[in-house]
Amino acid sequence: MTDLGRSRVDFEDAWASVSGVPGWLTEGQARMLWEAVSRLPAGSTVVEIGSHQGRSTVVLGHAARAVGARVVAIDAFVDGRLFGGASTRDLFERNIAKAGLDDVVELVVGYSTKLRHTWSRPFDLLYVDGKHDYWTYVDDLRWSAHMPPGSEILVHDCFSSIGVTAGTLHKVLFGNRFTYVDRSRSLARFVLRRPGPADRLRVLQQLPWFVGNVFLKVLLRLRLSKVAAWAGHQGPYDPF
C-alpha cells in the first residue's frame with residue numbers, strides 16, 4: 001500500500017500516484033474523469049470498460065472514494081502483444097492494491113460484449129475505453145440501458161479512432177439517445193438525453209480535429225515523424 005493508504009486524496013495526489021502506470025490517459029483527461037465522478041452522489045457506481053494496467057482505474061477509484069462511490073472495472077485481459085493477457089491482469093491488480101483501492105474497485109474479467117447480455121446491476125457513470133472497432137464500441141454504448149436519464153458517459157479515443165468516431169457519428173450525431181457535451185483531446189463526454197440541433201452541430205465541429213488526427217497517424221505509420229513534428233505532433237505515439 002502506498003502512502004496514500006486508504007485515505008481520501010485530491011486530484012493532484014491521485015494523478016501523481018499513476019505516474020508510473022503505463023497508459024495513454026493525459027492529465028486533462030484524468031481530471032475530466034475525476035470531475036465526472038465528483039458529481040455523483042454517495043452510493044453511486046462507476047463502470048469502466050477497458051482497464052489495462054489501471055491508470056484510469058486508479059484515478060476513478062480515488063475519486064469514487066472521495067464521494068462514497070464504487071468502481072467496477074471490466075477487462076478481458078486478452079492474450080497477445082498489444083494486450084498482455086494474464087500478466088496485464090497481474091499488473092492491474094498490483095496497481096490497485098498499491099493505491100489502496102481494493103475496497104473501492106471491483107474487477108470483473110470478461111468481454112464487455114458478452115457480459116452485457118447477463119448484466120442486471122444499475123450504475124451511474126460509464127467510462128468506455130475498450131476495443132476501438134465500430135461494432136464493439138456501439139455495443140459498449142448499449143450498457144447505458146442500466147443507467148438513469150441524465151447520466152454521463154465518457155469515451156476515450158473519440159474523434160481519434162476511426163471505429164469509435166464512426167460509432168459516435170451513427171449513435172450520437174444521427175441518434176436520439178446521447179448528447180455530446182465536450183472533450184479533453186480524445187476523451188469525449190456525453191449525457192443520456194435527446195440531443196437538439198445545437199448539440200448535433202457540436203459533434204460536427206469536432207470533425208476537423210478528427211481528420212487532423214488521422215493525418216498524423218498516417219504520417220507516423222509511414223515513419224514520417226519529422227513531417228508529423230512539422231504538423232505540430234511530438235513523439236512517436238499516436239495523438240490521444
# chains A, B, ... in the order shown; residues from 1 in each chain; ligands from 1

call {"tool": "residues_around", "arguments": {"residues": "Met147 in chain A", "least_positions_apart": "5", "cutoff": "8 Å", "atoms": "only C-alpha atoms", "output": "PyMOL selection string"}}
result
chain A and resi 122-125

call {"tool": "write_last_selection", "arguments": {"atoms": "C-alpha atoms", "output": "CSV table (one decimal), in the first residue's frame"}}
result
chain,number,residue,atom,x,y,z
A,122,PRO,CA,-27.7,-0.5,-12.3
A,123,PHE,CA,-24.9,2.1,-12.4
A,124,ASP,CA,-24.5,5.9,-12.7
A,125,LEU,CA,-21.4,6.7,-14.8

call {"tool": "select_by_dssp", "arguments": {"residues": "range 45-190 of chain A", "states": "alpha helix (DSSP H)", "output": "short mmCIF file (atom, residue, chain, number, x, y, z; two decimals) with N, CA and C atoms, in the first residue's frame"}}
result
data_model
loop_
_atom_site.label_atom_id
_atom_site.label_comp_id
_atom_site.auth_asym_id
_atom_site.auth_seq_id
_atom_site.Cartn_x
_atom_site.Cartn_y
_atom_site.Cartn_z
N ARG A 55 -4.33 2.60 -15.05
CA ARG A 55 -4.02 4.03 -14.97
C ARG A 55 -5.29 4.86 -14.71
N SER A 56 -6.30 4.65 -15.53
CA SER A 56 -7.56 5.38 -15.33
C SER A 56 -8.33 4.85 -14.14
N THR A 57 -8.22 3.56 -13.88
CA THR A 57 -8.97 2.95 -12.77
C THR A 57 -8.56 3.54 -11.43
N VAL A 58 -7.28 3.79 -11.26
CA VAL A 58 -6.80 4.36 -10.00
C VAL A 58 -7.36 5.76 -9.81
N VAL A 59 -7.39 6.56 -10.88
CA VAL A 59 -7.96 7.90 -10.79
C VAL A 59 -9.44 7.82 -10.45
N LEU A 60 -10.16 6.95 -11.14
CA LEU A 60 -11.59 6.77 -10.86
C LEU A 60 -11.80 6.28 -9.43
N GLY A 61 -10.93 5.36 -8.98
CA GLY A 61 -11.07 4.81 -7.64
C GLY A 61 -10.89 5.84 -6.55
N HIS A 62 -9.88 6.68 -6.67
CA HIS A 62 -9.66 7.72 -5.66
C HIS A 62 -10.81 8.73 -5.67
N ALA A 63 -11.29 9.08 -6.87
CA ALA A 63 -12.43 10.00 -6.95
C ALA A 63 -13.68 9.37 -6.34
N ALA A 64 -13.87 8.07 -6.59
CA ALA A 64 -15.03 7.37 -6.04
C ALA A 64 -14.98 7.32 -4.52
N ARG A 65 -13.81 7.05 -3.98
CA ARG A 65 -13.69 7.02 -2.51
C ARG A 65 -14.07 8.37 -1.91
N ALA A 66 -13.67 9.44 -2.58
CA ALA A 66 -13.92 10.78 -2.05
C ALA A 66 -15.41 11.09 -1.93
N VAL A 67 -16.23 10.48 -2.80
CA VAL A 67 -17.68 10.76 -2.75
C VAL A 67 -18.48 9.59 -2.19
N GLY A 85 -2.50 -10.13 -21.75
CA GLY A 85 -3.13 -11.27 -21.10
C GLY A 85 -3.01 -11.27 -19.59
N ALA A 86 -2.69 -12.44 -19.04
CA ALA A 86 -2.64 -12.63 -17.59
C ALA A 86 -1.63 -11.72 -16.92
N SER A 87 -0.52 -11.43 -17.60
CA SER A 87 0.48 -10.56 -16.99
C SER A 87 -0.06 -9.14 -16.80
N THR A 88 -0.89 -8.68 -17.73
CA THR A 88 -1.50 -7.37 -17.57
C THR A 88 -2.49 -7.36 -16.41
N ARG A 89 -3.23 -8.46 -16.26
CA ARG A 89 -4.13 -8.55 -15.11
C ARG A 89 -3.34 -8.49 -13.80
N ASP A 90 -2.22 -9.17 -13.75
CA ASP A 90 -1.39 -9.14 -12.54
C ASP A 90 -0.95 -7.71 -12.23
N LEU A 91 -0.54 -6.98 -13.27
CA LEU A 91 -0.10 -5.60 -13.08
C LEU A 91 -1.26 -4.73 -12.64
N PHE A 92 -2.44 -4.95 -13.22
CA PHE A 92 -3.63 -4.19 -12.82
C PHE A 92 -3.91 -4.39 -11.33
N GLU A 93 -3.96 -5.64 -10.92
CA GLU A 93 -4.28 -5.93 -9.52
C GLU A 93 -3.21 -5.38 -8.58
N ARG A 94 -1.96 -5.42 -9.03
CA ARG A 94 -0.88 -4.88 -8.21
C ARG A 94 -1.03 -3.36 -8.07
N ASN A 95 -1.37 -2.68 -9.16
CA ASN A 95 -1.51 -1.23 -9.11
C ASN A 95 -2.70 -0.80 -8.25
N ILE A 96 -3.79 -1.56 -8.32
CA ILE A 96 -4.95 -1.24 -7.48
C ILE A 96 -4.61 -1.45 -6.01
N ALA A 97 -3.91 -2.53 -5.71
CA ALA A 97 -3.51 -2.79 -4.32
C ALA A 97 -2.54 -1.73 -3.82
N LYS A 98 -1.59 -1.35 -4.68
CA LYS A 98 -0.61 -0.34 -4.29
C LYS A 98 -1.28 0.99 -3.97
N SER A 112 -16.73 -7.32 -22.60
CA SER A 112 -17.89 -6.47 -22.32
C SER A 112 -19.08 -6.85 -23.19
N THR A 113 -18.81 -7.28 -24.42
CA THR A 113 -19.90 -7.62 -25.33
C THR A 113 -20.64 -8.89 -24.90
N LYS A 114 -19.96 -9.76 -24.15
CA LYS A 114 -20.60 -10.97 -23.64
C LYS A 114 -21.25 -10.72 -22.27
N LEU A 115 -20.57 -9.97 -21.43
CA LEU A 115 -21.09 -9.70 -20.09
C LEU A 115 -22.38 -8.89 -20.14
N TYR A 134 -15.74 -0.31 -34.58
CA TYR A 134 -17.10 0.23 -34.60
C TYR A 134 -18.08 -0.65 -33.84
N TRP A 135 -18.07 -1.96 -34.12
CA TRP A 135 -19.09 -2.85 -33.58
C TRP A 135 -18.98 -3.01 -32.07
N THR A 136 -17.75 -3.13 -31.56
CA THR A 136 -17.58 -3.27 -30.11
C THR A 136 -17.97 -1.98 -29.40
N TYR A 137 -17.55 -0.84 -29.95
CA TYR A 137 -17.89 0.43 -29.33
C TYR A 137 -19.40 0.66 -29.28
N VAL A 138 -20.07 0.42 -30.38
CA VAL A 138 -21.53 0.60 -30.41
C VAL A 138 -22.19 -0.34 -29.40
N ASP A 139 -21.68 -1.56 -29.28
CA ASP A 139 -22.23 -2.49 -28.30
C ASP A 139 -21.97 -2.00 -26.88
N ASP A 140 -20.78 -1.42 -26.63
CA ASP A 140 -20.48 -0.90 -25.30
C ASP A 140 -21.41 0.25 -24.92
N LEU A 141 -21.85 1.04 -25.89
CA LEU A 141 -22.80 2.11 -25.59
C LEU A 141 -24.14 1.54 -25.09
N ILE A 162 -10.87 5.69 -35.76
CA ILE A 162 -11.86 5.68 -36.84
C ILE A 162 -13.12 4.93 -36.43
N GLY A 163 -12.95 3.75 -35.78
CA GLY A 163 -14.10 2.96 -35.38
C GLY A 163 -14.97 3.66 -34.35
N VAL A 164 -14.33 4.28 -33.36
CA VAL A 164 -15.08 4.98 -32.32
C VAL A 164 -15.77 6.22 -32.89
N THR A 165 -15.07 6.93 -33.76
CA THR A 165 -15.67 8.13 -34.36
C THR A 165 -16.85 7.76 -35.25
N ALA A 166 -16.72 6.67 -36.00
CA ALA A 166 -17.84 6.22 -36.85
C ALA A 166 -19.05 5.86 -35.99
N GLY A 167 -18.80 5.18 -34.86
CA GLY A 167 -19.89 4.84 -33.96
C GLY A 167 -20.53 6.06 -33.35
N THR A 168 -19.71 7.07 -33.05
CA THR A 168 -20.24 8.31 -32.48
C THR A 168 -21.10 9.06 -33.49
#

call {"tool": "select_by_dssp", "arguments": {"residues": "range 79-184 of chain A", "states": "strand (DSSP E)", "output": "list in words"}}
result
Val105, Glu106, Leu107, Val108, Val109, Leu125, Leu126, Tyr127, Val128, Glu152, Ile153, Leu154, Val155, Phe178, Thr179, Tyr180, Val181, Asp182, Arg183 and Ser184 of chain A

call {"tool": "write_last_selection", "arguments": {"atoms": "N, CA and C atoms", "output": "mmCIF file, in the first residue's frame"}}
result
data_model
loop_
_atom_site.group_PDB
_atom_site.id
_atom_site.type_symbol
_atom_site.label_atom_id
_atom_site.label_comp_id
_atom_site.auth_asym_id
_atom_site.auth_seq_id
_atom_site.Cartn_x
_atom_site.Cartn_y
_atom_site.Cartn_z
ATOM 1 N N VAL A 105 -12.534 -0.727 -5.775
ATOM 2 C CA VAL A 105 -12.548 -1.233 -7.151
ATOM 3 C C VAL A 105 -12.860 -2.721 -7.168
ATOM 4 N N GLU A 106 -13.865 -3.089 -7.949
ATOM 5 C CA GLU A 106 -14.219 -4.492 -8.177
ATOM 6 C C GLU A 106 -13.837 -4.862 -9.599
ATOM 7 N N LEU A 107 -13.049 -5.897 -9.773
ATOM 8 C CA LEU A 107 -12.648 -6.339 -11.102
ATOM 9 C C LEU A 107 -13.584 -7.426 -11.596
ATOM 10 N N VAL A 108 -14.096 -7.260 -12.809
ATOM 11 C CA VAL A 108 -14.900 -8.279 -13.487
ATOM 12 C C VAL A 108 -14.166 -8.639 -14.775
ATOM 13 N N VAL A 109 -13.701 -9.857 -14.880
ATOM 14 C CA VAL A 109 -12.915 -10.282 -16.032
ATOM 15 C C VAL A 109 -13.824 -10.900 -17.085
ATOM 16 N N LEU A 125 -22.358 6.021 -13.895
ATOM 17 C CA LEU A 125 -21.375 6.660 -14.767
ATOM 18 C C LEU A 125 -20.670 5.562 -15.552
ATOM 19 N N LEU A 126 -20.491 5.790 -16.857
ATOM 20 C CA LEU A 126 -19.850 4.801 -17.712
ATOM 21 C C LEU A 126 -18.625 5.421 -18.372
ATOM 22 N N TYR A 127 -17.489 4.726 -18.271
ATOM 23 C CA TYR A 127 -16.273 5.137 -18.972
ATOM 24 C C TYR A 127 -15.891 4.019 -19.934
ATOM 25 N N VAL A 128 -15.860 4.332 -21.221
ATOM 26 C CA VAL A 128 -15.597 3.343 -22.261
ATOM 27 C C VAL A 128 -14.209 3.565 -22.855
ATOM 28 N N GLU A 152 -23.851 10.471 -17.204
ATOM 29 C CA GLU A 152 -22.744 10.806 -18.089
ATOM 30 C C GLU A 152 -22.021 9.562 -18.583
ATOM 31 N N ILE A 153 -21.569 9.644 -19.829
ATOM 32 C CA ILE A 153 -20.760 8.599 -20.450
ATOM 33 C C ILE A 153 -19.504 9.259 -20.991
ATOM 34 N N LEU A 154 -18.345 8.728 -20.635
ATOM 35 C CA LEU A 154 -17.087 9.250 -21.140
ATOM 36 C C LEU A 154 -16.427 8.207 -22.023
ATOM 37 N N VAL A 155 -15.925 8.651 -23.168
ATOM 38 C CA VAL A 155 -15.388 7.735 -24.176
ATOM 39 C C VAL A 155 -13.995 8.177 -24.574
ATOM 40 N N PHE A 178 -28.057 10.006 -27.095
ATOM 41 C CA PHE A 178 -26.856 10.560 -26.490
ATOM 42 C C PHE A 178 -26.618 11.993 -26.965
ATOM 43 N N THR A 179 -26.221 12.853 -26.030
ATOM 44 C CA THR A 179 -25.890 14.238 -26.356
ATOM 45 C C THR A 179 -24.412 14.485 -26.082
ATOM 46 N N TYR A 180 -23.696 14.976 -27.094
ATOM 47 C CA TYR A 180 -22.295 15.328 -26.913
ATOM 48 C C TYR A 180 -22.192 16.619 -26.111
ATOM 49 N N VAL A 181 -21.274 16.638 -25.132
ATOM 50 C CA VAL A 181 -21.105 17.817 -24.279
ATOM 51 C C VAL A 181 -19.775 18.508 -24.563
ATOM 52 N N ASP A 182 -18.659 17.814 -24.328
ATOM 53 C CA ASP A 182 -17.338 18.413 -24.519
ATOM 54 C C ASP A 182 -16.292 17.311 -24.539
ATOM 55 N N ARG A 183 -15.018 17.695 -24.615
ATOM 56 C CA ARG A 183 -13.956 16.699 -24.641
ATOM 57 C C ARG A 183 -12.661 17.305 -24.113
ATOM 58 N N SER A 184 -11.749 16.426 -23.694
ATOM 59 C CA SER A 184 -10.365 16.771 -23.425
ATOM 60 C C SER A 184 -9.538 15.952 -24.397
#

call {"tool": "atom_distance", "arguments": {"atom1": "CA of Trp15 in chain A", "atom2": "CA of Arg31 in chain A"}}
result
8.3 Å

call {"tool": "closest_residue", "arguments": {"among": "A:Lys217, A:His170, A:His156, A:Arg194", "to": "Ala30 in chain A", "atoms": "only C-alpha atoms"}}
result
A:His156

call {"tool": "closest_residue", "arguments": {"among": "A:Val214, A:Ile49, A:Glu12, A:Ser151", "to": "Gly28 in chain A", "atoms": "only C-alpha atoms"}}
result
A:Glu12

call {"tool": "closest_residue", "arguments": {"among": "A:Asn213, A:Gln206, A:Ser161, A:Ser144", "to": "Arg121 in chain A", "atoms": "only C-alpha atoms"}}
result
A:Ser144

call {"tool": "closest_residue", "arguments": {"among": "A:Arg202, A:Arg116, A:Arg39, A:Lys131", "to": "Val78 in chain A", "atoms": "only C-alpha atoms"}}
result
A:Lys131

call {"tool": "atom_distance", "arguments": {"atom1": "CA of Arg8 in chain A", "atom2": "CA of Ala73 in chain A"}}
result
19.7 Å

call {"tool": "closest_residue", "arguments": {"among": "A:Val218, A:Phe174, A:Arg223, A:Met32", "to": "Leu204 in chain A", "atoms": "only C-alpha atoms"}}
result
A:Phe174

call {"tool": "decode", "arguments": {"residues": "range 10-37 of chain A", "atoms": "N, CA, C and O atoms", "output": "PDB file, in the first residue's frame"}}
result
ATOM      1  N   ASP A  10      -6.775  14.310  -3.012  1.00  0.00           N
ATOM      2  CA  ASP A  10      -7.244  15.237  -4.031  1.00  0.00           C
ATOM      3  C   ASP A  10      -6.748  14.787  -5.400  1.00  0.00           C
ATOM      4  O   ASP A  10      -6.012  13.804  -5.522  1.00  0.00           O
ATOM      5  N   PHE A  11      -7.147  15.523  -6.434  1.00  0.00           N
ATOM      6  CA  PHE A  11      -6.805  15.091  -7.793  1.00  0.00           C
ATOM      7  C   PHE A  11      -5.295  15.050  -8.006  1.00  0.00           C
ATOM      8  O   PHE A  11      -4.785  14.108  -8.627  1.00  0.00           O
ATOM      9  N   GLU A  12      -4.585  16.057  -7.524  1.00  0.00           N
ATOM     10  CA  GLU A  12      -3.152  16.120  -7.765  1.00  0.00           C
ATOM     11  C   GLU A  12      -2.445  14.888  -7.192  1.00  0.00           C
ATOM     12  O   GLU A  12      -1.545  14.320  -7.826  1.00  0.00           O
ATOM     13  N   ASP A  13      -2.857  14.452  -6.009  1.00  0.00           N
ATOM     14  CA  ASP A  13      -2.256  13.254  -5.416  1.00  0.00           C
ATOM     15  C   ASP A  13      -2.606  12.014  -6.231  1.00  0.00           C
ATOM     16  O   ASP A  13      -1.766  11.134  -6.437  1.00  0.00           O
ATOM     17  N   ALA A  14      -3.862  11.938  -6.664  1.00  0.00           N
ATOM     18  CA  ALA A  14      -4.287  10.779  -7.455  1.00  0.00           C
ATOM     19  C   ALA A  14      -3.522  10.715  -8.770  1.00  0.00           C
ATOM     20  O   ALA A  14      -3.071   9.641  -9.193  1.00  0.00           O
ATOM     21  N   TRP A  15      -3.351  11.860  -9.416  1.00  0.00           N
ATOM     22  CA  TRP A  15      -2.642  11.879 -10.691  1.00  0.00           C
ATOM     23  C   TRP A  15      -1.178  11.514 -10.496  1.00  0.00           C
ATOM     24  O   TRP A  15      -0.596  10.748 -11.278  1.00  0.00           O
ATOM     25  N   ALA A  16      -0.571  12.027  -9.434  1.00  0.00           N
ATOM     26  CA  ALA A  16       0.825  11.699  -9.152  1.00  0.00           C
ATOM     27  C   ALA A  16       1.001  10.204  -8.894  1.00  0.00           C
ATOM     28  O   ALA A  16       2.026   9.610  -9.249  1.00  0.00           O
ATOM     29  N   SER A  17      -0.017   9.578  -8.326  1.00  0.00           N
ATOM     30  CA  SER A  17       0.095   8.166  -7.968  1.00  0.00           C
ATOM     31  C   SER A  17       0.094   7.243  -9.182  1.00  0.00           C
ATOM     32  O   SER A  17       0.477   6.079  -9.068  1.00  0.00           O
ATOM     33  N   VAL A  18      -0.348   7.731 -10.355  1.00  0.00           N
ATOM     34  CA  VAL A  18      -0.367   6.882 -11.551  1.00  0.00           C
ATOM     35  C   VAL A  18       0.749   7.244 -12.522  1.00  0.00           C
ATOM     36  O   VAL A  18       0.748   6.780 -13.665  1.00  0.00           O
ATOM     37  N   SER A  19       1.699   8.047 -12.084  1.00  0.00           N
ATOM     38  CA  SER A  19       2.780   8.467 -12.974  1.00  0.00           C
ATOM     39  C   SER A  19       3.593   7.275 -13.486  1.00  0.00           C
ATOM     40  O   SER A  19       4.154   7.326 -14.582  1.00  0.00           O
ATOM     41  N   GLY A  20       3.645   6.207 -12.703  1.00  0.00           N
ATOM     42  CA  GLY A  20       4.400   5.035 -13.130  1.00  0.00           C
ATOM     43  C   GLY A  20       3.572   3.946 -13.772  1.00  0.00           C
ATOM     44  O   GLY A  20       4.085   2.870 -14.077  1.00  0.00           O
ATOM     45  N   VAL A  21       2.287   4.202 -13.974  1.00  0.00           N
ATOM     46  CA  VAL A  21       1.398   3.208 -14.590  1.00  0.00           C
ATOM     47  C   VAL A  21       1.287   3.506 -16.081  1.00  0.00           C
ATOM     48  O   VAL A  21       0.816   4.579 -16.461  1.00  0.00           O
ATOM     49  N   PRO A  22       1.700   2.588 -16.953  1.00  0.00           N
ATOM     50  CA  PRO A  22       1.641   2.842 -18.392  1.00  0.00           C
ATOM     51  C   PRO A  22       0.212   3.066 -18.872  1.00  0.00           C
ATOM     52  O   PRO A  22      -0.741   2.501 -18.329  1.00  0.00           O
ATOM     53  N   GLY A  23       0.073   3.893 -19.889  1.00  0.00           N
ATOM     54  CA  GLY A  23      -1.246   4.158 -20.452  1.00  0.00           C
ATOM     55  C   GLY A  23      -1.231   5.465 -21.204  1.00  0.00           C
ATOM     56  O   GLY A  23      -0.241   6.206 -21.195  1.00  0.00           O
ATOM     57  N   TRP A  24      -2.353   5.790 -21.850  1.00  0.00           N
ATOM     58  CA  TRP A  24      -2.414   6.953 -22.728  1.00  0.00           C
ATOM     59  C   TRP A  24      -3.318   8.049 -22.170  1.00  0.00           C
ATOM     60  O   TRP A  24      -3.594   9.033 -22.847  1.00  0.00           O
ATOM     61  N   LEU A  25      -3.762   7.894 -20.948  1.00  0.00           N
ATOM     62  CA  LEU A  25      -4.603   8.907 -20.327  1.00  0.00           C
ATOM     63  C   LEU A  25      -3.774  10.129 -19.981  1.00  0.00           C
ATOM     64  O   LEU A  25      -2.774  10.027 -19.263  1.00  0.00           O
ATOM     65  N   THR A  26      -4.159  11.297 -20.471  1.00  0.00           N
ATOM     66  CA  THR A  26      -3.439  12.529 -20.170  1.00  0.00           C
ATOM     67  C   THR A  26      -3.948  13.132 -18.860  1.00  0.00           C
ATOM     68  O   THR A  26      -4.985  12.726 -18.329  1.00  0.00           O
ATOM     69  N   GLU A  27      -3.222  14.124 -18.361  1.00  0.00           N
ATOM     70  CA  GLU A  27      -3.644  14.769 -17.118  1.00  0.00           C
ATOM     71  C   GLU A  27      -5.001  15.442 -17.276  1.00  0.00           C
ATOM     72  O   GLU A  27      -5.855  15.356 -16.399  1.00  0.00           O
ATOM     73  N   GLY A  28      -5.209  16.117 -18.411  1.00  0.00           N
ATOM     74  CA  GLY A  28      -6.501  16.762 -18.637  1.00  0.00           C
ATOM     75  C   GLY A  28      -7.638  15.763 -18.688  1.00  0.00           C
ATOM     76  O   GLY A  28      -8.740  16.027 -18.184  1.00  0.00           O
ATOM     77  N   GLN A  29      -7.388  14.610 -19.289  1.00  0.00           N
ATOM     78  CA  GLN A  29      -8.413  13.575 -19.357  1.00  0.00           C
ATOM     79  C   GLN A  29      -8.667  12.963 -17.993  1.00  0.00           C
ATOM     80  O   GLN A  29      -9.821  12.673 -17.635  1.00  0.00           O
ATOM     81  N   ALA A  30      -7.602  12.767 -17.217  1.00  0.00           N
ATOM     82  CA  ALA A  30      -7.769  12.243 -15.859  1.00  0.00           C
ATOM     83  C   ALA A  30      -8.599  13.198 -15.018  1.00  0.00           C
ATOM     84  O   ALA A  30      -9.463  12.775 -14.242  1.00  0.00           O
ATOM     85  N   ARG A  31      -8.364  14.486 -15.176  1.00  0.00           N
ATOM     86  CA  ARG A  31      -9.158  15.472 -14.426  1.00  0.00           C
ATOM     87  C   ARG A  31     -10.630  15.424 -14.847  1.00  0.00           C
ATOM     88  O   ARG A  31     -11.530  15.595 -14.022  1.00  0.00           O
ATOM     89  N   MET A  32     -10.863  15.194 -16.118  1.00  0.00           N
ATOM     90  CA  MET A  32     -12.233  15.091 -16.614  1.00  0.00           C
ATOM     91  C   MET A  32     -12.945  13.901 -15.978  1.00  0.00           C
ATOM     92  O   MET A  32     -14.121  13.992 -15.583  1.00  0.00           O
ATOM     93  N   LEU A  33     -12.252  12.768 -15.856  1.00  0.00           N
ATOM     94  CA  LEU A  33     -12.816  11.606 -15.180  1.00  0.00           C
ATOM     95  C   LEU A  33     -13.085  11.925 -13.717  1.00  0.00           C
ATOM     96  O   LEU A  33     -14.147  11.582 -13.165  1.00  0.00           O
ATOM     97  N   TRP A  34     -12.122  12.551 -13.070  1.00  0.00           N
ATOM     98  CA  TRP A  34     -12.248  12.903 -11.656  1.00  0.00           C
ATOM     99  C   TRP A  34     -13.478  13.784 -11.428  1.00  0.00           C
ATOM    100  O   TRP A  34     -14.271  13.546 -10.517  1.00  0.00           O
ATOM    101  N   GLU A  35     -13.637  14.797 -12.256  1.00  0.00           N
ATOM    102  CA  GLU A  35     -14.760  15.725 -12.083  1.00  0.00           C
ATOM    103  C   GLU A  35     -16.097  15.042 -12.336  1.00  0.00           C
ATOM    104  O   GLU A  35     -17.095  15.342 -11.668  1.00  0.00           O
ATOM    105  N   ALA A  36     -16.126  14.100 -13.284  1.00  0.00           N
ATOM    106  CA  ALA A  36     -17.368  13.374 -13.553  1.00  0.00           C
ATOM    107  C   ALA A  36     -17.782  12.541 -12.348  1.00  0.00           C
ATOM    108  O   ALA A  36     -18.949  12.514 -11.960  1.00  0.00           O
ATOM    109  N   VAL A  37     -16.824  11.852 -11.732  1.00  0.00           N
ATOM    110  CA  VAL A  37     -17.123  11.056 -10.536  1.00  0.00           C
ATOM    111  C   VAL A  37     -17.515  11.978  -9.384  1.00  0.00           C
ATOM    112  O   VAL A  37     -18.416  11.657  -8.601  1.00  0.00           O
TER     113      VAL A  37
END
